[in-house]
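Coordinates from upload_35.cif are shown below (mmCIF, C-alpha atoms).
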data_model
#
loop_
_atom_site.label_atom_id
_atom_site.label_comp_id
_atom_site.auth_asym_id
_atom_site.auth_seq_id
_atom_site.Cartn_x
_atom_site.Cartn_y
_atom_site.Cartn_z
CA MET B 1 131.43 106.90 53.99
CA ARG B 2 134.30 104.69 55.08
CA SER B 3 135.76 105.39 58.55
CA SER B 4 139.40 106.23 58.72
CA PRO B 5 141.78 103.87 60.61
CA HIS B 6 142.48 106.68 63.06
CA ARG B 7 138.78 107.07 63.87
CA LEU B 8 138.35 103.30 64.32
CA ARG B 9 141.29 103.18 66.74
CA THR B 10 139.75 106.07 68.70
CA VAL B 11 136.36 104.30 68.96
CA ARG B 12 138.02 101.04 70.06
CA ALA B 13 140.01 102.90 72.71
CA LEU B 14 136.91 104.62 74.07
CA PHE B 15 134.98 101.35 74.09
CA GLY B 16 137.80 99.59 75.94
CA ALA B 17 137.97 102.37 78.52
CA LEU B 18 134.20 102.07 79.06
CA LEU B 19 134.45 98.31 79.64
CA THR B 20 137.28 98.84 82.13
CA THR B 21 135.23 101.43 84.03
CA LEU B 22 132.17 99.15 84.14
CA ALA B 23 134.28 96.25 85.43
CA THR B 24 135.73 98.47 88.17
CA VAL B 25 132.26 99.64 89.25
CA ALA B 26 130.98 96.05 89.35
CA ALA B 27 133.92 94.96 91.49
CA LEU B 28 133.33 97.81 93.92
CA LEU B 29 129.64 96.99 94.21
CA ALA B 30 130.44 93.32 94.86
CA ALA B 31 133.01 94.22 97.52
CA THR B 32 130.69 96.55 99.38
CA ALA B 33 127.50 94.49 99.17
CA PRO B 34 126.33 93.16 102.55
CA ALA B 35 126.87 89.49 103.34
CA ARG B 36 123.12 89.11 103.83
CA ALA B 37 120.07 91.24 104.44
CA ASP B 38 118.94 91.75 108.02
CA THR B 39 115.87 89.70 108.98
CA VAL B 40 112.83 91.43 110.51
CA VAL B 41 110.71 89.36 112.90
CA CYS B 42 107.32 90.75 113.99
CA GLU B 43 105.37 87.56 114.81
CA GLN B 44 104.54 87.31 118.53
CA PHE B 45 106.83 84.33 119.13
CA GLY B 46 108.69 84.46 115.83
CA SER B 47 112.40 83.63 115.62
CA THR B 48 115.33 83.35 113.24
CA VAL B 49 118.91 82.02 113.37
CA ILE B 50 122.11 84.11 113.41
CA GLN B 51 125.76 83.03 113.15
CA GLY B 52 124.44 79.57 112.25
CA ARG B 53 124.20 78.72 115.96
CA TYR B 54 122.01 81.16 117.96
CA VAL B 55 118.30 81.92 117.86
CA VAL B 56 116.91 85.48 117.94
CA GLN B 57 113.32 85.56 119.23
CA ASN B 58 110.73 88.35 119.34
CA ASN B 59 109.00 86.76 122.37
CA ARG B 60 106.19 89.29 122.95
CA TRP B 61 104.02 87.78 125.67
CA GLY B 62 102.80 90.55 128.00
CA THR B 63 101.05 92.91 125.57
CA SER B 64 99.06 92.95 122.35
CA ALA B 65 100.90 96.07 121.10
CA PRO B 66 103.14 95.53 118.04
CA GLN B 67 106.80 94.65 118.51
CA CYS B 68 109.47 93.84 115.91
CA VAL B 69 113.12 92.87 116.13
CA THR B 70 115.69 92.97 113.36
CA ALA B 71 118.28 90.19 113.46
CA THR B 72 121.75 91.22 112.32
CA ASP B 73 124.86 89.15 111.57
CA THR B 74 125.96 89.31 115.22
CA GLY B 75 122.87 90.17 117.30
CA PHE B 76 119.60 92.07 117.00
CA ARG B 77 117.93 95.43 117.60
CA VAL B 78 114.39 96.27 118.64
CA THR B 79 112.90 98.20 115.72
CA GLN B 80 109.35 98.58 117.03
CA ALA B 81 108.13 98.44 120.64
CA ASP B 82 104.73 100.08 121.00
CA GLY B 83 102.73 100.55 124.17
CA SER B 84 103.50 100.19 127.86
CA VAL B 85 102.52 98.12 130.89
CA PRO B 86 102.46 99.05 134.62
CA THR B 87 105.95 99.17 136.10
CA ASN B 88 104.83 97.37 139.27
CA GLY B 89 104.04 94.22 137.26
CA ALA B 90 105.65 91.99 134.66
CA PRO B 91 107.34 93.41 131.53
CA LYS B 92 105.67 93.26 128.14
CA SER B 93 108.19 91.00 126.39
CA TYR B 94 111.67 89.53 126.32
CA PRO B 95 113.25 90.02 122.88
CA SER B 96 116.46 88.04 123.10
CA VAL B 97 119.09 85.81 121.54
CA PHE B 98 119.89 82.41 123.01
CA ASN B 99 122.01 79.28 123.00
CA GLY B 100 120.08 76.19 124.10
CA CYS B 101 116.40 75.32 124.10
CA HIS B 102 113.37 77.55 124.69
CA TYR B 103 109.91 75.94 124.55
CA THR B 104 111.14 73.20 122.12
CA ASN B 105 112.96 75.76 119.95
CA CYS B 106 116.60 74.64 120.16
CA SER B 107 119.50 76.57 118.66
CA PRO B 108 121.39 74.70 115.92
CA GLY B 109 124.08 72.34 117.20
CA THR B 110 123.70 73.28 120.85
CA ASN B 111 125.02 70.85 123.47
CA LEU B 112 122.36 72.00 125.92
CA PRO B 113 120.74 70.76 128.07
CA ALA B 114 123.93 69.71 129.89
CA GLN B 115 124.28 68.48 133.46
CA ILE B 116 125.87 71.14 135.64
CA SER B 117 128.40 68.72 137.14
CA THR B 118 129.80 67.95 133.66
CA ILE B 119 130.34 71.59 132.65
CA SER B 120 133.91 72.80 133.10
CA SER B 121 133.24 76.33 131.84
CA ALA B 122 130.65 78.31 129.89
CA PRO B 123 132.39 81.39 128.46
CA SER B 124 130.13 84.09 127.08
CA SER B 125 130.37 87.66 125.84
CA ILE B 126 127.72 90.32 125.34
CA SER B 127 127.61 93.88 124.04
CA TYR B 128 124.48 95.98 124.59
CA GLY B 129 123.20 99.16 122.98
CA TYR B 130 121.00 101.36 125.21
CA VAL B 131 118.49 104.15 124.48
CA SER B 132 116.74 106.91 126.39
CA GLY B 133 112.99 107.41 126.73
CA ALA B 134 112.26 103.82 127.73
CA VAL B 135 111.75 101.77 130.91
CA TYR B 136 113.55 98.41 130.73
CA ASN B 137 116.24 96.16 132.05
CA ALA B 138 119.03 94.60 130.02
CA SER B 139 118.85 91.03 131.21
CA TYR B 140 121.01 87.96 130.68
CA ASP B 141 119.02 84.84 131.64
CA ILE B 142 120.36 81.42 132.68
CA TRP B 143 117.84 78.58 133.02
CA LEU B 144 118.26 75.51 135.26
CA ASP B 145 116.10 72.44 135.78
CA PRO B 146 116.32 69.07 137.58
CA THR B 147 115.63 67.37 134.21
CA PRO B 148 117.06 67.97 130.70
CA ARG B 149 113.80 69.50 129.56
CA THR B 150 113.49 71.52 126.38
CA ASP B 151 109.75 72.11 126.34
CA GLY B 152 108.83 74.76 128.91
CA VAL B 153 109.45 76.62 132.15
CA ASN B 154 112.48 75.51 134.19
CA ARG B 155 112.70 75.29 137.98
CA THR B 156 115.18 78.15 138.51
CA GLU B 157 115.89 81.28 136.51
CA ILE B 158 119.11 83.25 137.02
CA MET B 159 118.85 86.85 135.86
CA ILE B 160 121.83 89.16 135.43
CA TRP B 161 120.63 92.77 135.20
CA PHE B 162 123.27 94.63 133.17
CA ASN B 163 121.23 97.84 133.23
CA ARG B 164 118.09 99.00 135.07
CA VAL B 165 116.22 102.07 133.78
CA GLY B 166 113.07 103.40 135.44
CA PRO B 167 111.03 102.48 138.56
CA ILE B 168 111.37 98.70 138.20
CA GLN B 169 112.87 96.01 140.40
CA PRO B 170 113.59 92.28 140.23
CA ILE B 171 111.17 89.63 141.47
CA GLY B 172 111.16 89.17 145.26
CA SER B 173 113.37 91.18 147.57
CA GLN B 174 117.04 91.98 148.02
CA VAL B 175 118.79 89.45 150.26
CA GLY B 176 122.29 90.92 150.17
CA THR B 177 125.22 91.53 147.87
CA ALA B 178 127.80 89.27 146.27
CA SER B 179 131.01 89.39 144.28
CA VAL B 180 130.67 87.26 141.14
CA GLY B 181 133.03 87.29 138.17
CA GLY B 182 135.09 90.03 139.75
CA ARG B 183 132.13 92.43 140.00
CA SER B 184 129.81 93.49 142.82
CA TRP B 185 126.08 92.76 142.55
CA GLU B 186 122.86 93.24 144.48
CA VAL B 187 121.28 89.82 145.02
CA TRP B 188 117.49 89.40 144.89
CA THR B 189 115.46 86.19 145.29
CA GLY B 190 111.80 85.35 144.87
CA SER B 191 109.26 83.42 142.80
CA ASN B 192 107.10 84.51 139.88
CA GLY B 193 104.56 81.77 140.55
CA SER B 194 106.04 79.44 137.94
CA ASN B 195 109.70 79.22 138.92
CA ASP B 196 112.26 80.46 141.43
CA VAL B 197 114.23 83.53 140.40
CA ILE B 198 117.60 84.77 141.62
CA SER B 199 118.70 88.13 140.21
CA PHE B 200 122.16 89.71 140.20
CA VAL B 201 121.75 93.46 139.66
CA ALA B 202 124.63 95.70 138.58
CA PRO B 203 124.90 98.92 140.65
CA SER B 204 125.51 100.85 137.40
CA ALA B 205 125.06 100.08 133.72
CA ILE B 206 127.41 97.59 132.05
CA SER B 207 127.52 97.94 128.27
CA SER B 208 129.73 94.94 127.48
CA TRP B 209 131.37 92.07 129.33
CA SER B 210 133.02 88.69 128.81
CA PHE B 211 132.48 86.24 131.66
CA ASP B 212 131.89 82.62 132.67
CA VAL B 213 128.22 81.70 133.09
CA MET B 214 129.25 79.01 135.58
CA ASP B 215 130.31 81.67 138.11
CA PHE B 216 126.62 82.57 138.46
CA VAL B 217 125.46 78.95 138.35
CA ASP B 218 127.89 78.02 141.14
CA GLN B 219 126.64 80.95 143.22
CA THR B 220 123.05 79.77 142.73
CA VAL B 221 123.92 76.20 143.75
CA ALA B 222 125.72 77.51 146.84
CA ARG B 223 122.55 79.40 147.83
CA GLY B 224 120.42 76.25 147.59
CA LEU B 225 118.41 77.29 144.54
CA ALA B 226 119.83 74.54 142.32
CA GLN B 227 121.87 71.35 142.59
CA SER B 228 124.93 70.16 140.70
CA ASN B 229 123.01 67.22 139.23
CA TRP B 230 120.53 69.63 137.60
CA TYR B 231 120.78 70.75 133.98
CA LEU B 232 121.67 74.00 132.28
CA THR B 233 119.07 74.27 129.51
CA SER B 234 119.72 77.68 127.93
CA VAL B 235 121.49 81.01 128.21
CA GLN B 236 119.78 84.10 126.79
CA ALA B 237 120.56 87.80 126.44
CA GLY B 238 118.09 90.57 125.70
CA PHE B 239 115.73 93.13 127.20
CA GLU B 240 112.61 93.26 129.35
CA PRO B 241 110.83 96.48 128.33
CA TRP B 242 107.93 98.00 130.29
CA GLN B 243 107.63 101.20 128.25
CA ASN B 244 108.75 101.77 124.65
CA GLY B 245 112.15 100.21 123.84
CA ALA B 246 112.71 100.81 120.13
CA GLY B 247 116.45 101.09 119.43
CA LEU B 248 117.60 98.75 122.19
CA ALA B 249 120.20 96.36 120.75
CA VAL B 250 122.32 93.34 121.46
CA ASN B 251 125.27 94.33 119.28
CA SER B 252 127.01 90.98 119.68
CA PHE B 253 126.53 87.72 121.58
CA SER B 254 128.52 84.54 122.03
CA SER B 255 128.01 81.49 124.23
CA THR B 256 129.95 78.25 124.54
CA VAL B 257 129.39 75.42 127.02
CA ASP B 258 132.38 73.15 127.64
CA THR B 259 131.47 69.74 129.02
CA GLY B 260 134.01 67.27 130.37
CA GLY B 261 137.01 69.46 129.62
CA GLN B 262 138.21 71.05 126.37
CA GLY B 263 136.59 68.53 124.09
CA PRO B 264 134.00 65.75 124.04
CA GLY B 265 136.54 63.07 124.91
CA GLY B 266 137.23 64.44 128.41
CA PRO B 267 139.78 66.73 130.06
CA GLY B 268 142.69 67.58 127.86
CA GLN B 269 141.13 66.07 124.73
CA PRO B 270 141.02 68.00 121.48
CA ALA B 271 137.94 69.97 120.54
CA THR B 272 135.42 68.64 118.04
CA ALA B 273 136.27 68.79 114.33
CA CYS B 274 133.84 67.63 111.69
CA GLN B 275 132.77 67.38 108.07
CA VAL B 276 129.24 66.95 106.73
CA ALA B 277 128.10 65.45 103.43
CA TYR B 278 124.52 66.36 102.45
CA ASP B 279 123.09 64.31 99.57
CA ALA B 280 119.61 65.38 98.44
CA ASN B 281 117.26 63.62 96.04
CA VAL B 282 114.71 66.18 94.82
CA TRP B 283 111.43 65.94 92.92
CA GLN B 284 108.59 68.40 92.42
CA GLY B 285 107.46 69.48 95.90
CA GLY B 286 109.41 66.82 97.80
CA PHE B 287 112.87 65.54 98.65
CA THR B 288 114.95 63.14 100.72
CA ALA B 289 118.28 64.01 102.32
CA ASP B 290 121.02 61.59 103.38
CA VAL B 291 123.38 63.24 105.86
CA THR B 292 126.79 61.82 106.79
CA VAL B 293 128.67 63.31 109.73
CA LYS B 294 132.40 62.62 109.87
CA ASN B 295 134.47 63.16 113.02
CA THR B 296 137.74 64.60 111.71
CA GLY B 297 139.10 65.12 115.23
CA SER B 298 141.33 62.81 117.27
CA ALA B 299 138.80 61.97 120.02
CA ALA B 300 135.46 60.19 119.88
CA VAL B 301 132.27 62.27 120.02
CA ASP B 302 129.57 60.85 122.29
CA GLY B 303 125.96 62.01 122.24
CA TRP B 304 126.43 64.09 119.09
CA LYS B 305 124.04 66.86 118.05
CA LEU B 306 124.09 68.24 114.53
CA GLY B 307 122.52 71.67 114.07
CA PHE B 308 121.44 73.20 110.78
CA THR B 309 118.72 75.44 109.37
CA LEU B 310 116.31 74.24 106.71
CA PRO B 311 115.73 76.90 104.03
CA SER B 312 112.38 78.70 104.00
CA GLY B 313 109.49 76.60 102.70
CA GLN B 314 110.96 73.22 103.69
CA ARG B 315 109.23 70.91 106.20
CA VAL B 316 110.38 67.50 107.47
CA SER B 317 107.79 64.70 107.34
CA SER B 318 109.83 61.68 108.52
CA THR B 319 113.35 60.78 109.67
CA TRP B 320 115.51 57.70 110.13
CA ASN B 321 118.58 56.96 112.29
CA ALA B 322 118.10 60.24 114.21
CA THR B 323 115.52 62.42 115.90
CA LEU B 324 114.99 66.05 114.89
CA SER B 325 114.06 68.83 117.33
CA GLY B 326 111.56 70.33 114.89
CA THR B 327 110.14 70.08 111.38
CA GLY B 328 111.31 73.39 109.93
CA GLY B 329 113.67 76.31 110.39
CA ALA B 330 116.47 75.74 112.89
CA VAL B 331 116.63 72.04 113.75
CA THR B 332 118.97 69.80 115.72
CA ALA B 333 119.50 66.14 114.84
CA SER B 334 120.26 63.82 117.78
CA PRO B 335 121.32 60.17 117.55
CA VAL B 336 119.31 57.08 118.37
CA ALA B 337 120.66 54.33 120.61
CA HIS B 338 122.79 52.49 118.05
CA ASN B 339 124.68 55.49 116.60
CA ALA B 340 125.31 57.74 119.59
CA ARG B 341 129.12 57.63 119.23
CA ILE B 342 131.23 58.89 116.32
CA ALA B 343 134.70 57.41 116.61
CA ALA B 344 137.73 59.52 115.72
CA GLY B 345 137.93 59.41 111.94
CA GLY B 346 134.56 57.65 111.80
CA THR B 347 131.14 58.58 110.49
CA GLN B 348 127.46 58.28 111.35
CA SER B 349 124.58 58.78 108.94
CA PHE B 350 120.92 59.66 109.14
CA GLY B 351 118.27 60.91 106.78
CA PHE B 352 114.88 62.51 106.42
CA GLN B 353 112.11 63.12 103.94
CA GLY B 354 110.38 66.44 103.48
CA THR B 355 108.40 68.81 101.34
CA TYR B 356 109.30 72.21 99.91
CA SER B 357 107.73 75.16 98.14
CA GLY B 358 109.39 77.50 95.67
CA SER B 359 112.90 76.57 94.62
CA PHE B 360 114.88 73.88 96.46
CA ALA B 361 118.07 74.74 98.37
CA GLU B 362 120.37 72.88 100.74
CA PRO B 363 121.28 74.07 104.27
CA SER B 364 124.19 76.51 104.15
CA GLY B 365 126.02 75.34 107.27
CA PHE B 366 126.22 72.71 109.99
CA THR B 367 127.50 72.59 113.58
CA LEU B 368 128.43 69.49 115.57
CA ASN B 369 127.98 70.01 119.32
CA GLY B 370 128.35 73.74 118.71
CA THR B 371 131.41 73.52 116.43
CA ALA B 372 131.09 74.60 112.79
CA CYS B 373 131.71 71.77 110.30
CA SER B 374 133.17 71.87 106.81
CA VAL B 375 130.87 70.72 104.00
CA ALA B 376 132.04 67.92 101.71
#

Go ahead and express the file in the form of structure tokens.
Amino acid sequence: MRSSPHRLRTVRALFGALLTTLATVAALLAATAPARADTVVCEQFGSTVIQGRYVVQNNRWGTSAPQCVTATDTGFRVTQADGSVPTNGAPKSYPSVFNGCHYTNCSPGTNLPAQISTISSAPSSISYGYVSGAVYNASYDIWLDPTPRTDGVNRTEIMIWFNRVGPIQPIGSQVGTASVGGRSWEVWTGSNGSNDVISFVAPSAISSWSFDVMDFVDQTVARGLAQSNWYLTSVQAGFEPWQNGAGLAVNSFSSTVDTGGQGPGGPGQPATACQVAYDANVWQGGFTADVTVKNTGSAAVDGWKLGFTLPSGQRVSSTWNATLSGTGGAVTASPVAHNARIAAGGTQSFGFQGTYSGSFAEPSGFTLNGTACSVA
């Protein structure tokens, strides 16, 4: 039986309406989809990168009980924290996020270690999420050393206790009080057997704050626990739990270290601006990458450090014209003697060879001395 023109028009209209509805639903799903899935880290010393420039670490060292952290776009939360340890001893872990270097694990593009005397400011901000039913402190750590070491324990640890819950206390004993950053703090000093510790303890919980890390560094130097020719190696924010701790969160974290003024060229110079070209030659199971870093700013960049994260499954086997801080994951490329300066408008290049498993992908972002670069 032949369909009538009226019936055909009706079918076409219904089909068109269905296509329009499907397109609308697809657009809504695309708009509401998350930028990326959160990353769960349960390995004892496992870590991952957030914001393209900070490292979130599980860092479970004082217990064999399971612990997991979930890295988010802006921070992390503790999603599992089993077991407990005596409250008159050390905590069971230090899940945290950091800028700088921790036992050779350096955050992408960091300009740390940096000599204290060259740092004009180190602005930072932190927002914590607290829970009940746990014993812990919310601790912001600042590490100092006479040398620019990246491979282990530093000479002096500065701890800022944003919140103290339960029968715990800092290392050593209280030696007084101080006003730092416009707030009042208890001041404790002591040694944990590996390094000196100075702790600034808030009288009541602080959930969020923006401050200058150098206010605490200057206070530590003034008390004779560091010197201005020492190095700031890392700044970290997280928790030291003794009992439980699931649900504790660093909602957001930021850290910048300004050396020599506003930019790398000295006081009053413009901040770093950059562009990166990444040219990969890929074959089955292996690849080479030629990386060109262009300084698009108006001041020279000395002692450049390019941070990026190699996709999962990739490992570096050799490099040229640079040294890399690691062979996989978050890495930082540093210059060799002949290419340490990038003139304004100029470029420097380096390369590396590596292996990969699965499908090949290029790094998604780059930072030059902590500043995000465009990709050519």

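Of the residues listed (B:Phe287, B:Trp143, B:Trp185, B:Phe162), B:Trp143 shows the shortest atom-to-atom separation from Gln236 in chain B; distances use only C-alpha atoms.
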
Item to check | Expansion of the PyMOL selection byres ((chain B and resi 343) around 10) into residues, as a ChimeraX atom specification | outcome: /B:294-302,340-342,344-348

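Take the candidates B:Tyr231, B:Trp188, B:Tyr130, B:Tyr103 and check each one against Pro146 in chain B using only C-alpha atoms; the shortest distance goes to B:Tyr231.
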
Item to check | Residue members of the PyMOL selection byres ((chain B and resi 329) around 8) in the file shown, as a PyMOL selection string | outcome: chain B and resi 48+309-312+314+326-328+330-331

Go ahead and save the residues from that selection, with C-alpha atoms, as a JSON list (two decimals), keeping the file's coordinate frame.
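Written output follows (again_26.json):
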[["chain", "number", "residue", "atom", "x", "y", "z"],
["B", 48, "THR", "CA", 115.33, 83.35, 113.24],
["B", 309, "THR", "CA", 118.72, 75.44, 109.37],
["B", 310, "LEU", "CA", 116.31, 74.24, 106.71],
["B", 311, "PRO", "CA", 115.73, 76.90, 104.03],
["B", 312, "SER", "CA", 112.38, 78.70, 104.00],
["B", 314, "GLN", "CA", 110.96, 73.22, 103.69],
["B", 326, "GLY", "CA", 111.56, 70.33, 114.89],
["B", 327, "THR", "CA", 110.14, 70.08, 111.38],
["B", 328, "GLY", "CA", 111.31, 73.39, 109.93],
["B", 330, "ALA", "CA", 116.47, 75.74, 112.89],
["B", 331, "VAL", "CA", 116.63, 72.04, 113.75]]

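Proximity to Met214 in chain B was assessed for B:Thr147, B:Asn251, B:Ser191, B:Gln115 counting all atoms listed in the file; the smallest distance is recorded for B:Gln115.
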
Item to check | the PyMOL selection byres ((chain B and resi 255-259) around 6) applied to the shown file, residues as a VMD selection string | outcome: chain B and resid 118 to 124 254 260 to 261

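Note that the spacing between CA of Trp230 in chain B and CA of Pro108 in chain B amounts to 22.3 Å.
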
Next on the checklist: Can you measure CA of Gln243 in chain B to CA of Ser173 in chain B for me? One decimal in Å is fine.
Outcome noted: 22.5 Å

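Across the model, the gap from CA of Asp279 in chain B to CA of Thr292 in chain B is 8.5 Å.
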
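Nearest-residue note for Gln227 in chain B: choosing from B:Val55, B:Cys68, B:Ala376, B:Ile116, the minimum distance belongs to B:Ile116, counting all atoms listed in the file.
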
Return as JSON lines the residues of range 198-307 of chain B lying at most 8 Å from range 359-366 of chain B, together with the closest atom-to-atom pair for each and the distance in Å to one decimal, counting all atoms listed in the file, with rows in chain order and ascending residue number.
{"residue": "B:Val276", "atom": "CA", "partner": "B:Phe366", "partner_atom": "CA", "distance": 7.3}
{"residue": "B:Tyr278", "atom": "CA", "partner": "B:Glu362", "partner_atom": "CA", "distance": 7.9}
{"residue": "B:Ala280", "atom": "CA", "partner": "B:Glu362", "partner_atom": "CA", "distance": 7.9}
{"residue": "B:Val282", "atom": "CA", "partner": "B:Phe360", "partner_atom": "CA", "distance": 7.9}
{"residue": "B:Leu306", "atom": "CA", "partner": "B:Phe366", "partner_atom": "CA", "distance": 6.7}
{"residue": "B:Gly307", "atom": "CA", "partner": "B:Phe366", "partner_atom": "CA", "distance": 5.6}

So that I can look at just that part, could you write range 124-144 of chain B with N, CA, C and O atoms, as a short mmCIF file (atom, residue, chain, number, x, y, z; two decimals), in the first residue's frame?
data_model
loop_
_atom_site.label_atom_id
_atom_site.label_comp_id
_atom_site.auth_asym_id
_atom_site.auth_seq_id
_atom_site.Cartn_x
_atom_site.Cartn_y
_atom_site.Cartn_z
N SER B 124 51.07 31.74 48.94
CA SER B 124 50.42 30.43 48.94
C SER B 124 49.01 30.58 49.49
O SER B 124 48.72 31.51 50.25
N SER B 125 48.15 29.64 49.10
CA SER B 125 46.80 29.59 49.67
C SER B 125 46.43 28.14 49.89
O SER B 125 46.88 27.25 49.16
N ILE B 126 45.60 27.90 50.91
CA ILE B 126 45.21 26.55 51.28
C ILE B 126 43.79 26.57 51.83
O ILE B 126 43.39 27.50 52.53
N SER B 127 43.02 25.56 51.47
CA SER B 127 41.69 25.37 52.04
C SER B 127 41.57 23.93 52.48
O SER B 127 41.78 23.01 51.68
N TYR B 128 41.26 23.72 53.78
CA TYR B 128 41.18 22.38 54.35
C TYR B 128 39.73 21.97 54.57
O TYR B 128 38.85 22.81 54.78
N GLY B 129 39.50 20.66 54.56
CA GLY B 129 38.23 20.08 54.97
C GLY B 129 38.47 19.13 56.12
O GLY B 129 39.29 18.21 56.01
N TYR B 130 37.80 19.34 57.26
CA TYR B 130 38.04 18.57 58.47
C TYR B 130 36.91 17.57 58.73
O TYR B 130 35.80 17.72 58.21
N VAL B 131 37.20 16.56 59.55
CA VAL B 131 36.20 15.55 59.93
C VAL B 131 36.27 15.32 61.42
O VAL B 131 37.23 15.71 62.10
N SER B 132 35.24 14.65 61.96
CA SER B 132 35.24 14.23 63.35
C SER B 132 35.64 12.76 63.42
O SER B 132 35.73 12.07 62.41
N GLY B 133 35.89 12.28 64.64
CA GLY B 133 36.20 10.86 64.82
C GLY B 133 37.59 10.48 64.41
O GLY B 133 37.87 9.31 64.12
N ALA B 134 38.51 11.45 64.39
CA ALA B 134 39.90 11.17 64.02
C ALA B 134 40.83 11.99 64.90
O ALA B 134 40.44 13.02 65.46
N VAL B 135 42.07 11.52 65.03
CA VAL B 135 43.13 12.27 65.72
C VAL B 135 44.17 12.64 64.66
O VAL B 135 44.73 11.76 63.99
N TYR B 136 44.43 13.94 64.51
CA TYR B 136 45.30 14.38 63.41
C TYR B 136 45.70 15.83 63.63
O TYR B 136 45.14 16.54 64.48
N ASN B 137 46.68 16.27 62.85
CA ASN B 137 46.88 17.71 62.68
C ASN B 137 46.83 18.03 61.19
O ASN B 137 47.17 17.18 60.35
N ALA B 138 46.36 19.21 60.87
CA ALA B 138 46.42 19.73 59.51
C ALA B 138 47.70 20.55 59.42
O ALA B 138 47.82 21.59 60.06
N SER B 139 48.65 20.04 58.66
CA SER B 139 50.00 20.60 58.72
C SER B 139 50.46 21.09 57.36
O SER B 139 50.33 20.38 56.35
N TYR B 140 51.01 22.30 57.36
CA TYR B 140 51.66 22.87 56.18
C TYR B 140 53.16 22.84 56.47
O TYR B 140 53.61 23.43 57.44
N ASP B 141 53.93 22.12 55.65
CA ASP B 141 55.36 21.95 55.89
C ASP B 141 56.21 22.76 54.92
O ASP B 141 55.91 22.82 53.72
N ILE B 142 57.28 23.35 55.45
CA ILE B 142 58.24 24.12 54.67
C ILE B 142 59.62 23.55 54.98
O ILE B 142 60.03 23.50 56.14
N TRP B 143 60.36 23.14 53.95
CA TRP B 143 61.62 22.44 54.15
C TRP B 143 62.81 23.30 53.71
O TRP B 143 62.80 23.88 52.62
N LEU B 144 63.84 23.35 54.57
CA LEU B 144 65.03 24.17 54.33
C LEU B 144 66.28 23.32 54.48
O LEU B 144 66.34 22.43 55.32
#
